[in-house]
Structures are given as C-alpha cells and as structure tokens.
$ cat structure-v7.cif   # mmCIF, C-alpha atoms and all ligand atoms
data_coords
#
loop_
_atom_site.label_atom_id
_atom_site.label_comp_id
_atom_site.auth_asym_id
_atom_site.auth_seq_id
_atom_site.Cartn_x
_atom_site.Cartn_y
_atom_site.Cartn_z
CA MET S 266 0.00 0.00 0.00
CA ASP S 267 1.61 3.20 -1.09
CA TYR S 268 -0.38 6.41 -0.95
CA ARG S 269 -0.44 9.54 1.11
CA GLN S 270 -3.42 9.82 3.47
CA GLN S 271 -5.57 12.85 2.76
CA ASN S 272 -9.18 13.91 3.39
CA PRO S 273 -9.62 11.55 6.35
CA VAL S 274 -12.95 9.77 6.85
CA PRO S 275 -15.04 11.55 9.54
CA VAL S 276 -15.02 9.86 12.94
CA PRO S 277 -18.38 9.09 14.65
CA ALA S 278 -19.27 11.04 17.82
CA LYS S 279 -18.63 7.91 19.90
CA GLY S 280 -14.95 8.06 18.99
CA PRO S 281 -12.42 6.52 16.59
CA PHE S 282 -12.35 3.03 18.11
CA GLN S 283 -15.35 0.96 19.06
CA ARG S 284 -14.99 -2.15 21.17
CA VAL S 285 -17.57 -4.90 20.76
CA ARG S 286 -17.48 -7.91 23.07
CA ALA S 287 -17.57 -11.04 20.91
CA THR S 288 -18.23 -14.11 23.00
CA MET S 289 -17.73 -17.25 21.00
CA ASP S 290 -16.19 -20.69 20.94
CA ALA S 291 -13.29 -21.10 18.54
CA VAL S 292 -13.27 -24.60 17.00
CA TYR S 293 -10.41 -26.78 15.72
CA ASP S 294 -11.20 -29.46 13.12
CA TRP S 295 -8.63 -32.23 13.65
CA GLN S 296 -10.08 -34.55 11.05
CA TYR S 297 -9.54 -32.31 7.99
CA ALA S 298 -12.14 -34.29 6.05
CA LEU S 299 -12.09 -31.62 3.30
CA GLU S 300 -15.07 -33.31 1.67
CA ASP S 301 -17.31 -30.45 0.65
CA GLN S 302 -16.27 -30.11 -2.98
CA LYS S 303 -18.38 -27.02 -3.62
CA LEU S 304 -16.67 -25.11 -0.79
CA LEU S 305 -13.26 -26.33 -1.93
CA THR S 306 -13.98 -25.18 -5.48
CA LEU S 307 -14.87 -21.72 -4.15
CA TYR S 308 -11.64 -21.71 -2.14
CA GLU S 309 -9.60 -22.53 -5.28
CA LYS S 310 -11.45 -19.86 -7.24
CA GLY S 311 -10.75 -17.32 -4.50
CA LYS S 312 -7.02 -18.00 -4.64
CA LYS S 313 -6.85 -17.96 -8.43
CA LEU S 314 -8.90 -14.81 -8.91
CA GLY S 315 -7.07 -12.75 -6.29
CA TRP S 316 -6.04 -9.27 -7.43
CA ASN S 317 -4.11 -6.40 -5.92
CA ALA S 318 -5.09 -2.77 -5.37
CA THR S 319 -2.00 -1.88 -7.41
CA ASP S 320 -3.63 -3.53 -10.48
CA LEU S 321 -5.99 -0.55 -10.61
CA ASP S 322 -5.03 2.57 -12.51
CA TRP S 323 -4.82 5.12 -9.69
CA SER S 324 -3.51 7.74 -12.08
CA THR S 325 -7.05 7.97 -13.55
CA HIS S 326 -8.35 11.50 -13.17
CA VAL S 327 -11.60 11.56 -11.20
CA ASP S 328 -13.60 14.71 -11.66
CA ALA S 329 -14.79 14.87 -8.04
CA ASP S 330 -17.08 17.86 -8.68
CA ARG S 331 -19.21 16.01 -11.23
CA LEU S 332 -18.43 12.29 -11.08
CA GLY S 333 -19.24 11.82 -14.73
CA ALA S 334 -22.56 13.70 -14.54
CA ASP S 335 -23.46 15.58 -17.70
CA GLU S 336 -25.02 19.00 -18.30
CA ASN S 337 -28.54 17.66 -17.92
CA ILE S 338 -28.14 16.25 -14.44
CA ALA S 339 -30.68 18.65 -12.88
CA ASP S 340 -33.32 17.90 -15.55
CA PHE S 341 -32.70 14.22 -15.01
CA PHE S 342 -33.18 14.42 -11.23
CA ASN S 343 -36.15 16.78 -11.49
CA SER S 344 -37.82 14.33 -13.80
CA VAL S 345 -36.93 11.09 -12.01
CA LEU S 346 -36.95 12.20 -8.37
CA ASP S 347 -39.45 15.02 -8.31
CA PRO S 348 -37.70 16.84 -5.41
CA PRO S 349 -39.54 19.21 -3.02
CA ARG S 350 -37.73 22.13 -4.70
CA ARG S 351 -36.58 21.77 -8.28
CA PHE S 352 -32.84 21.16 -8.47
CA THR S 353 -30.63 23.73 -10.14
CA LYS S 354 -27.62 22.37 -11.98
CA GLU S 355 -25.42 23.15 -8.98
CA VAL S 356 -27.71 21.39 -6.52
CA GLY S 357 -28.10 18.43 -8.88
CA LEU S 358 -24.33 17.98 -9.02
CA GLN S 359 -24.04 18.35 -5.26
CA TYR S 360 -26.72 15.71 -4.71
CA HIS S 361 -25.12 13.31 -7.22
CA VAL S 362 -21.64 13.62 -5.68
CA HIS S 363 -22.80 13.40 -2.06
CA MET S 364 -25.18 10.48 -2.63
CA ASN S 365 -22.39 8.51 -4.27
CA SER S 366 -19.91 9.40 -1.58
CA PHE S 367 -22.47 8.40 1.08
CA MET S 368 -23.06 5.03 -0.63
CA LEU S 369 -19.34 4.41 -1.15
CA SER S 370 -18.62 5.35 2.48
CA GLN S 371 -21.17 2.80 3.70
CA PHE S 372 -19.53 0.23 1.39
CA LEU S 373 -16.20 1.01 3.08
CA HIS S 374 -17.68 0.56 6.56
CA GLY S 375 -19.52 -2.59 5.49
CA GLU S 376 -16.22 -3.96 4.17
CA GLN S 377 -14.60 -3.41 7.54
CA GLY S 378 -17.52 -5.28 9.08
CA ALA S 379 -16.96 -8.10 6.57
CA LEU S 380 -13.25 -8.18 7.43
CA VAL S 381 -13.98 -8.63 11.14
CA ALA S 382 -16.81 -11.12 10.49
CA ALA S 383 -14.77 -13.26 8.08
CA ALA S 384 -11.93 -13.41 10.60
CA LYS S 385 -14.44 -14.54 13.24
CA VAL S 386 -15.79 -17.21 10.88
CA VAL S 387 -12.27 -18.64 10.48
CA GLU S 388 -12.31 -19.31 14.23
CA THR S 389 -15.89 -20.39 14.79
CA VAL S 390 -16.90 -22.47 11.76
CA PRO S 391 -16.38 -26.17 12.53
CA TRP S 392 -15.21 -27.51 9.13
CA ALA S 393 -11.65 -27.20 7.87
CA GLU S 394 -12.66 -26.45 4.26
CA ALA S 395 -14.82 -23.56 5.43
CA LYS S 396 -11.94 -22.22 7.56
CA LEU S 397 -9.61 -22.26 4.53
CA TYR S 398 -12.20 -20.54 2.40
CA ALA S 399 -12.95 -17.90 5.05
CA ALA S 400 -9.23 -17.16 5.48
CA ASN S 401 -9.08 -16.36 1.79
CA GLN S 402 -12.09 -14.13 2.23
CA VAL S 403 -10.34 -12.21 5.02
CA ALA S 404 -7.67 -11.23 2.47
CA ASP S 405 -10.37 -10.19 -0.03
CA GLU S 406 -12.09 -7.98 2.54
CA ALA S 407 -8.81 -6.30 3.51
CA ARG S 408 -8.31 -5.35 -0.12
CA HIS S 409 -11.86 -4.04 -0.38
CA VAL S 410 -11.30 -1.80 2.67
CA GLU S 411 -8.05 -0.61 1.11
CA VAL S 412 -9.46 0.36 -2.28
CA TYR S 413 -12.68 2.00 -1.08
CA HIS S 414 -10.74 3.99 1.49
CA ARG S 415 -8.24 5.11 -1.10
CA TYR S 416 -10.92 6.04 -3.60
CA LEU S 417 -12.90 8.06 -1.05
CA THR S 418 -10.00 9.90 0.51
CA GLU S 419 -7.67 10.35 -2.45
CA LYS S 420 -10.04 10.64 -5.42
CA LEU S 421 -13.37 11.84 -4.07
CA GLY S 422 -12.28 13.83 -1.02
CA ILE S 423 -15.76 13.56 0.56
CA SER S 424 -16.80 10.76 2.87
CA TYR S 425 -19.33 9.91 5.56
CA GLU S 426 -19.09 8.18 8.91
CA VAL S 427 -20.76 4.82 9.40
CA HIS S 428 -24.59 5.02 9.34
CA PRO S 429 -25.97 4.25 12.84
CA SER S 430 -28.20 1.44 11.48
CA LEU S 431 -25.32 -0.23 9.68
CA SER S 432 -23.16 0.18 12.77
CA ALA S 433 -25.90 -1.43 14.93
CA LEU S 434 -26.17 -4.39 12.57
CA LEU S 435 -22.39 -4.88 12.44
CA GLU S 436 -22.36 -4.80 16.24
CA ASP S 437 -25.06 -7.51 16.40
CA ILE S 438 -23.15 -9.66 13.92
CA THR S 439 -19.87 -9.28 15.79
CA GLU S 440 -21.33 -9.87 19.24
CA ASP S 441 -23.30 -12.98 18.37
CA SER S 442 -21.70 -16.22 19.55
CA ARG S 443 -23.40 -18.43 16.92
CA TRP S 444 -21.25 -18.94 13.83
CA ASP S 445 -24.23 -19.35 11.52
CA VAL S 446 -25.59 -15.95 12.60
CA THR S 447 -22.29 -14.32 11.62
CA TYR S 448 -22.66 -15.95 8.19
CA LEU S 449 -26.30 -15.08 7.92
CA GLY S 450 -25.80 -11.46 8.93
CA MET S 451 -22.69 -10.81 6.90
CA GLN S 452 -22.80 -13.08 3.85
CA ILE S 453 -26.52 -13.13 3.23
CA MET S 454 -27.80 -9.79 4.54
CA VAL S 455 -24.98 -7.18 4.41
CA GLU S 456 -23.16 -8.64 1.38
CA GLY S 457 -26.41 -9.54 -0.39
CA LEU S 458 -27.41 -5.89 -0.17
CA ALA S 459 -23.95 -4.76 -1.24
CA LEU S 460 -24.16 -6.90 -4.38
CA ALA S 461 -27.36 -5.24 -5.49
CA ALA S 462 -25.95 -1.82 -4.54
CA PHE S 463 -22.81 -2.41 -6.61
CA GLY S 464 -25.00 -3.14 -9.63
CA MET S 465 -26.66 0.22 -9.07
CA MET S 466 -23.36 2.02 -8.54
CA LYS S 467 -22.10 0.77 -11.91
CA LEU S 468 -25.22 2.13 -13.52
CA VAL S 469 -25.18 5.62 -11.97
CA MET S 470 -21.42 6.16 -12.29
CA SER S 471 -21.09 4.65 -15.76
CA GLU S 472 -18.82 7.49 -16.92
CA GLU S 473 -16.24 7.04 -14.17
CA PRO S 474 -13.78 4.31 -15.26
CA LEU S 475 -11.87 3.86 -11.98
CA ILE S 476 -14.97 3.16 -9.91
CA GLN S 477 -16.21 0.85 -12.68
CA ASP S 478 -13.02 -1.17 -12.43
CA ILE S 479 -13.08 -1.23 -8.61
CA THR S 480 -16.74 -2.24 -8.51
CA SER S 481 -16.36 -5.05 -11.07
CA ARG S 482 -13.46 -6.58 -9.16
CA ILE S 483 -15.20 -6.33 -5.80
CA MET S 484 -18.48 -7.66 -7.21
CA ALA S 485 -16.74 -10.79 -8.48
CA ASP S 486 -15.30 -11.38 -4.98
CA GLU S 487 -18.57 -10.64 -3.21
CA ALA S 488 -20.58 -12.95 -5.45
CA ARG S 489 -18.24 -15.73 -4.29
CA HIS S 490 -18.67 -14.71 -0.64
CA VAL S 491 -22.46 -14.70 -0.85
CA GLY S 492 -22.36 -18.04 -2.69
CA PHE S 493 -20.29 -19.41 0.18
CA GLY S 494 -22.89 -18.23 2.69
CA VAL S 495 -25.72 -19.88 0.76
CA LEU S 496 -23.84 -23.18 0.36
CA SER S 497 -22.77 -23.37 4.01
CA LEU S 498 -26.07 -22.46 5.58
CA GLN S 499 -28.46 -24.39 3.36
CA LYS S 500 -27.85 -27.75 4.99
CA VAL S 501 -27.87 -26.39 8.53
CA TYR S 502 -31.15 -24.52 8.16
CA THR S 503 -33.04 -27.08 6.13
CA SER S 504 -32.19 -30.19 8.17
CA GLU S 505 -30.22 -29.57 11.34
CA MET S 506 -32.04 -26.93 13.38
CA SER S 507 -34.84 -27.17 15.90
CA SER S 508 -37.88 -24.96 15.41
CA LYS S 509 -36.82 -22.83 18.39
CA GLU S 510 -33.39 -22.23 16.85
CA LEU S 511 -34.96 -21.40 13.50
CA ALA S 512 -37.34 -18.94 15.14
CA GLU S 513 -34.31 -17.05 16.51
CA ARG S 514 -32.85 -16.84 12.99
CA GLU S 515 -36.16 -15.56 11.66
CA GLU S 516 -36.07 -12.85 14.31
CA PHE S 517 -32.54 -11.90 13.29
CA VAL S 518 -33.47 -11.73 9.59
CA ILE S 519 -36.45 -9.49 10.30
CA GLU S 520 -34.46 -7.13 12.51
CA SER S 521 -31.56 -6.86 10.08
CA THR S 522 -33.93 -6.26 7.16
CA HIS S 523 -35.29 -3.22 9.01
CA LEU S 524 -31.81 -1.96 9.92
CA LEU S 525 -30.57 -2.33 6.34
CA HIS S 526 -33.68 -0.70 4.96
CA ASP S 527 -33.09 2.26 7.32
CA ARG S 528 -29.45 2.55 6.41
CA LEU S 529 -30.52 3.29 2.84
CA LEU S 530 -32.27 6.52 3.79
CA PRO S 531 -29.74 9.27 2.99
CA ILE S 532 -30.56 11.42 6.04
CA PRO S 533 -26.84 12.10 6.72
CA VAL S 534 -26.56 13.58 3.21
CA PHE S 535 -29.43 15.99 3.86
CA GLU S 536 -27.84 16.96 7.18
CA ARG S 537 -24.46 17.56 5.56
CA LEU S 538 -25.97 19.64 2.77
CA GLY S 539 -28.04 21.66 5.25
CA TRP S 540 -31.34 20.55 3.69
CA ASP S 541 -34.44 20.33 5.85
CA VAL S 542 -34.24 16.77 7.15
CA LYS S 543 -37.97 16.42 7.74
CA THR S 544 -39.03 17.55 4.26
CA TYR S 545 -36.32 15.71 2.39
CA GLY S 546 -36.59 12.66 4.65
CA GLU S 547 -40.28 12.38 3.77
CA TRP S 548 -39.41 12.83 0.12
CA ALA S 549 -36.80 10.07 0.25
CA ARG S 550 -39.26 7.80 2.08
CA HIS S 551 -42.10 8.21 -0.35
CA THR S 552 -41.03 9.08 -3.91
CA PRO S 553 -41.44 6.07 -6.23
CA PHE S 554 -37.83 6.10 -7.39
CA HIS S 555 -36.33 6.16 -3.89
CA LYS S 556 -38.73 3.44 -2.79
CA ALA S 557 -37.92 1.30 -5.82
CA PHE S 558 -34.21 1.88 -5.20
CA ARG S 559 -34.45 0.65 -1.60
CA GLN S 560 -36.50 -2.34 -2.65
CA MET S 561 -34.06 -3.30 -5.39
CA MET S 562 -31.30 -3.48 -2.79
CA PHE S 563 -33.03 -6.64 -1.52
CA SER S 564 -33.23 -8.34 -4.92
CA LYS S 565 -30.45 -10.79 -3.99
CA ILE S 566 -31.24 -11.16 -0.29
CA VAL S 567 -34.78 -12.46 -0.79
CA PRO S 568 -33.99 -15.36 -3.20
CA ASN S 569 -30.94 -16.26 -1.09
CA LEU S 570 -33.09 -16.44 2.05
CA LYS S 571 -35.55 -18.58 0.14
CA SER S 572 -32.88 -21.11 -0.80
CA LEU S 573 -31.84 -21.27 2.86
CA GLY S 574 -35.39 -22.19 3.82
CA LEU S 575 -35.68 -18.93 5.77
CA LEU S 576 -38.49 -17.38 3.82
CA THR S 577 -40.87 -18.67 6.47
CA PRO S 578 -44.39 -17.24 7.05
CA ARG S 579 -43.09 -14.74 9.65
CA VAL S 580 -40.23 -13.56 7.45
CA ARG S 581 -42.55 -13.41 4.44
CA GLU S 582 -44.90 -11.17 6.37
CA ALA S 583 -42.06 -8.78 7.28
CA MET S 584 -40.79 -8.76 3.69
CA GLN S 585 -44.27 -8.19 2.36
CA SER S 586 -44.72 -5.14 4.59
CA LEU S 587 -41.78 -3.57 2.72
CA ASP S 588 -43.01 -4.92 -0.62
CA LEU S 589 -39.94 -7.11 -1.06
CA LEU S 590 -41.54 -10.48 -1.74
CA LYS S 591 -41.58 -9.78 -5.47
CA PHE S 592 -37.95 -10.91 -5.62
CA GLU S 593 -38.56 -14.37 -4.22
CA ASN S 594 -38.43 -16.06 -7.62
CA GLU S 595 -35.24 -14.33 -8.78
CA LYS S 596 -32.12 -16.48 -9.12
CA ASN S 597 -30.05 -16.91 -5.97
CA SER S 598 -26.30 -16.19 -5.79
CA VAL S 599 -25.30 -19.77 -6.49
CA GLU S 600 -27.52 -20.13 -9.58
CA SER S 601 -26.54 -16.70 -10.84
CA PRO S 602 -23.47 -15.12 -9.21
CA GLU S 603 -23.36 -12.12 -11.53
CA VAL S 604 -25.48 -9.10 -10.72
CA LEU S 605 -26.97 -7.12 -13.56
CA PRO S 606 -28.17 -3.58 -13.18
CA PRO S 607 -31.61 -4.00 -11.62
CA ALA S 608 -34.00 -4.35 -14.56
CA GLU S 609 -37.01 -2.97 -12.72
CA LEU S 610 -35.19 0.21 -11.74
CA VAL S 611 -33.82 0.71 -15.24
CA GLN S 612 -37.37 0.36 -16.51
CA LEU S 613 -38.61 2.92 -13.98
CA LEU S 614 -35.87 5.33 -15.06
CA VAL S 615 -36.75 4.94 -18.71
CA THR S 616 -40.45 5.42 -18.05
CA ARG S 617 -39.89 8.53 -15.93
CA LEU S 618 -37.49 10.01 -18.46
CA GLN S 619 -39.94 9.48 -21.30
CA ALA S 620 -42.76 11.12 -19.36
CA PRO S 621 -42.87 14.93 -19.59
CA ALA S 622 -41.10 16.44 -16.55
CA ALA S 623 -43.45 17.50 -13.79
CA GLU S 624 -43.73 21.26 -13.56
FE FE S 701 -16.01 -7.25 0.60
FE FE S 702 -17.31 -10.05 1.10
#

$ encode --input "structure-v7.cif" --output "structure tokens" --more "lines below"
Ligand SMILES: [Fe+2]
Ligand SMILES: [Fe+2]
Amino acid sequence: MDYRQQNPVPVPAKGPFQRVRATMDAVYDWQYALEDQKLLTLYEKGKKLGWNATDLDWSTHVDADRLGADENIADFFNSVLDPPRRFTKEVGLQYHVHMNSFMLSQFLHGEQGALVAAAKVVETVPWAEAKLYAANQVADEARHVEVYHRYLTEKLGISYEVHPSLSALLEDITEDSRWDVTYLGMQIMVEGLALAAFGMMKLVMSEEPLIQDITSRIMADEARHVGFGVLSLQKVYTSEMSSKELAEREEFVIESTHLLHDRLLPIPVFERLGWDVKTYGEWARHTPFHKAFRQMMFSKIVPNLKSLGLLTPRVREAMQSLDLLKFENEKNSVESPEVLPPAELVQLLVTRLQAPAAE
C-alpha cells in the first residue's frame, strides 16, 4: 500500500475506536475431512482470482465535482426524483456527488464489518474447508477496505461516517456467539445488499472508469462470498435446526432487514448539505424512485433467504410489509453469481425520463 493519506474519513461522535465484546467458541477441526467439494472449489477460485489494489489505474483522473454527470443532471433528477424544490444544476451535481460518496462510504464501513466477520468465521466455523475458504475471504475484505478507502480519501475527497443502522447491525453480527448468525448477517444480509448496490453504482457512475473497475473486481469477490454463505447455511437450516433455533434466525433476519432498509435513507446527506431533514426525509421515504431503489437493494437477499429455507411465514410477512416479496423467484447467488443492473429500476428510469417532466 503506497499512498499519502488525505481527506480523512469523519469519525463518529462515539470516537475513533469501538470495542464490541464477541463471546464465541473457537473450533479446531482435527479430522480435515475436506469433503465439501463445492466449498473447496470456491476456495480454489478465491485464490486464483485474487487481485491487488496496485492492479488498478490510480492515475485515472476523477472529476470529483461532477463524477461523470453531464449537463442535464438537474433535468434528469427533477424528472426522475421530483424533489420538493426543483434542483438547479449546482444542486443536482451536489446531490449526485454526495449520494455517491455516502453510498461508497457505507460500502467502506460494510467492508470493515466483513473483514472482522470473516476473521471470526475462520475461528468459529467447525469444518476445515470452510476455515480455509474464510481465510481467503479475510484477504479479499482487507483489499476491499483498502481500495474503497483510497478512492474516497484520495479521489473523491468527501466521505461519511458509518450510518448508525449499519453500525448497529455490524455490532449484532460481531457480538453474536453463533457462527451461523455471523454468516447469515454478513454473507446473506450485508453482502447480499452490497451486491445489489454495486449493480446500481455501476449504472449511476457509468462514466467514471476507476470506480467501474473497482466495482467489477469487488463484485466478483462478493458474489463468491455470498455463494459461500448460501452453500454453508443451506444444509444447517433445512435439516439440522430445531424450530426454536430457526425462530431465533427468523427474528434476526427481520431485525436486520429493518436496519438495512433504514441505512438506505440518505438522512446524513441531507444533514451535511443543510437541507431540511424532515421535508427531504419524507421525500426520500415516499417518492417512487427512492422506494424502488431501496426495494431493489433486496433483490439478492430475498432469493438467497428462500434457498436457505428462511423465507418462512413470519419472514414473508415482514418482507411483504416492505413490498420485497416480489424478488422471491429471482435467481439466488449460487444459480446466478453475476449481478446485472436492476432491470425494474432501469425500466422505472426509462419510463420517468420518457414522461414529460413535472412542472
Ligand atoms: Fe467485501
Ligand atoms: Fe465479502
């Protein structure tokens, strides 16, 4: 790693270091059965496909004031987002840059969560092949932290502290003593959401080549991580757990769905820009595009939960209340590791752009 630190990431009010008490049993596997071929194949893939932050072209100029946005950015937002006050070009650019820096900052913090969680999985998961795989994932997550941090501080110059809802979820995941809950929280929920968000990021920053390269590389790694979560948990949840244990997992899924859904509301952006939080918060909660955007972020989580057998009546009810059940028949991350830009959102964009702009 060779770059000069600049534009440091803001530190949360609770201070630069946060201690979370993780109580767990570390497990040794002395039999080394190494019999789960699917996990071993993922492990091999992880080693072969490893890349380095230095493979990226850091000399790429990033126009941090516009991030690839064109002259019509305000018209575009006015038409698609229908803001409380029509955006001028200046405000449109500001919104575009800050929303992306907010999203990228949460990716960075989520990656640190993944780094800590993957390290915990190495200790707590019983099987040797899963330990080997998770160790490889630790190295992936370290690289993800490295590149997002560098992009935000060196190229963008604007960043946000961890969103309280994301921080609360990471805390839950770290504290929990059950290895499968670490997997479930990190690989299925946080990384499942990240995968959909990366698809979106590629779409909205299509004119910025460095972030395109970063996102493609990270997406390939994350698809493997989520696939690992699905493969490892499927057997446990469909055949090995009592109904009481499953009910606790349902509870966890429902709570983390709400926390992740909350974390997508860009309230910190409105605060930073000095916009009225109540007015703009309501706007972000209710405009069709923002709602569709938040829903699309669950397009991988829902089918993955279904293949784990966790789309139970209680979870379905919670998902339905956020209108997320429509994704249940999408392909899961093992059937389809790649993530395309969310078709429904693209369609919504096209429809809104074709409609005459609201006056
Ligand atoms: Fe990652
Ligand atoms: Fe990951």

$ closest_residue --input "structure-v7.cif" --among "S:Met451, S:Leu530, S:Leu460, S:Leu524" --to "Gly494 in chain S" --atoms "all atoms listed in the file"
S:Met451

$ atom_distance --input "structure-v7.cif" --atom1 "CA of Phe592 in chain S" --atom2 "CA of Gly450 in chain S"
19.0 Å

$ residues_near_ligand --input "structure-v7.cif" --ligand "ligand FE 701 (chain S)" --cutoff "9 Å" --atoms "all atoms listed in the file" --output "PyMOL selection string"
chain S and resi 372-373+375-380+402-403+405-410+456+459+483-484+486-487+490

$ atom_distance --input "structure-v7.cif" --atom1 "CA of Gly457 in chain S" --atom2 "CA of Val491 in chain S"
6.5 Å

$ closest_residue --input "structure-v7.cif" --among "S:Pro429, S:Ile438, S:Ala462, S:Val276" --to "Asp527 in chain S" --atoms "all atoms listed in the file"
S:Pro429

$ residues_around --input "structure-v7.cif" --residues "range 319-324 of chain S" --least-positions-apart "5" --cutoff "10 Å" --atoms "all atoms listed in the file" --output "PyMOL selection string"
chain S and resi 266-268+412+415-416+419-420+474-476+478-479+482

$ write_last_selection --input "structure-v7.cif" --atoms "C-alpha atoms" --output "JSON list (two decimals), in the frame of the given file"
[["chain", "number", "residue", "atom", "x", "y", "z"],
["S", 266, "MET", "CA", 0.00, 0.00, 0.00],
["S", 267, "ASP", "CA", 1.61, 3.20, -1.09],
["S", 268, "TYR", "CA", -0.38, 6.41, -0.95],
["S", 412, "VAL", "CA", -9.46, 0.36, -2.28],
["S", 415, "ARG", "CA", -8.24, 5.11, -1.10],
["S", 416, "TYR", "CA", -10.92, 6.04, -3.60],
["S", 419, "GLU", "CA", -7.67, 10.35, -2.45],
["S", 420, "LYS", "CA", -10.04, 10.64, -5.42],
["S", 474, "PRO", "CA", -13.78, 4.31, -15.26],
["S", 475, "LEU", "CA", -11.87, 3.86, -11.98],
["S", 476, "ILE", "CA", -14.97, 3.16, -9.91],
["S", 478, "ASP", "CA", -13.02, -1.17, -12.43],
["S", 479, "ILE", "CA", -13.08, -1.23, -8.61],
["S", 482, "ARG", "CA", -13.46, -6.58, -9.16]]

$ atom_distance --input "structure-v7.cif" --atom1 "CA of Ala278 in chain S" --atom2 "CA of Tyr425 in chain S"
12.3 Å

$ closest_residue --input "structure-v7.cif" --among "S:Thr480, S:Gln452, S:Ser508, S:Thr325" --to "ligand FE 702 (chain S)" --atoms "all atoms listed in the file"
S:Gln452
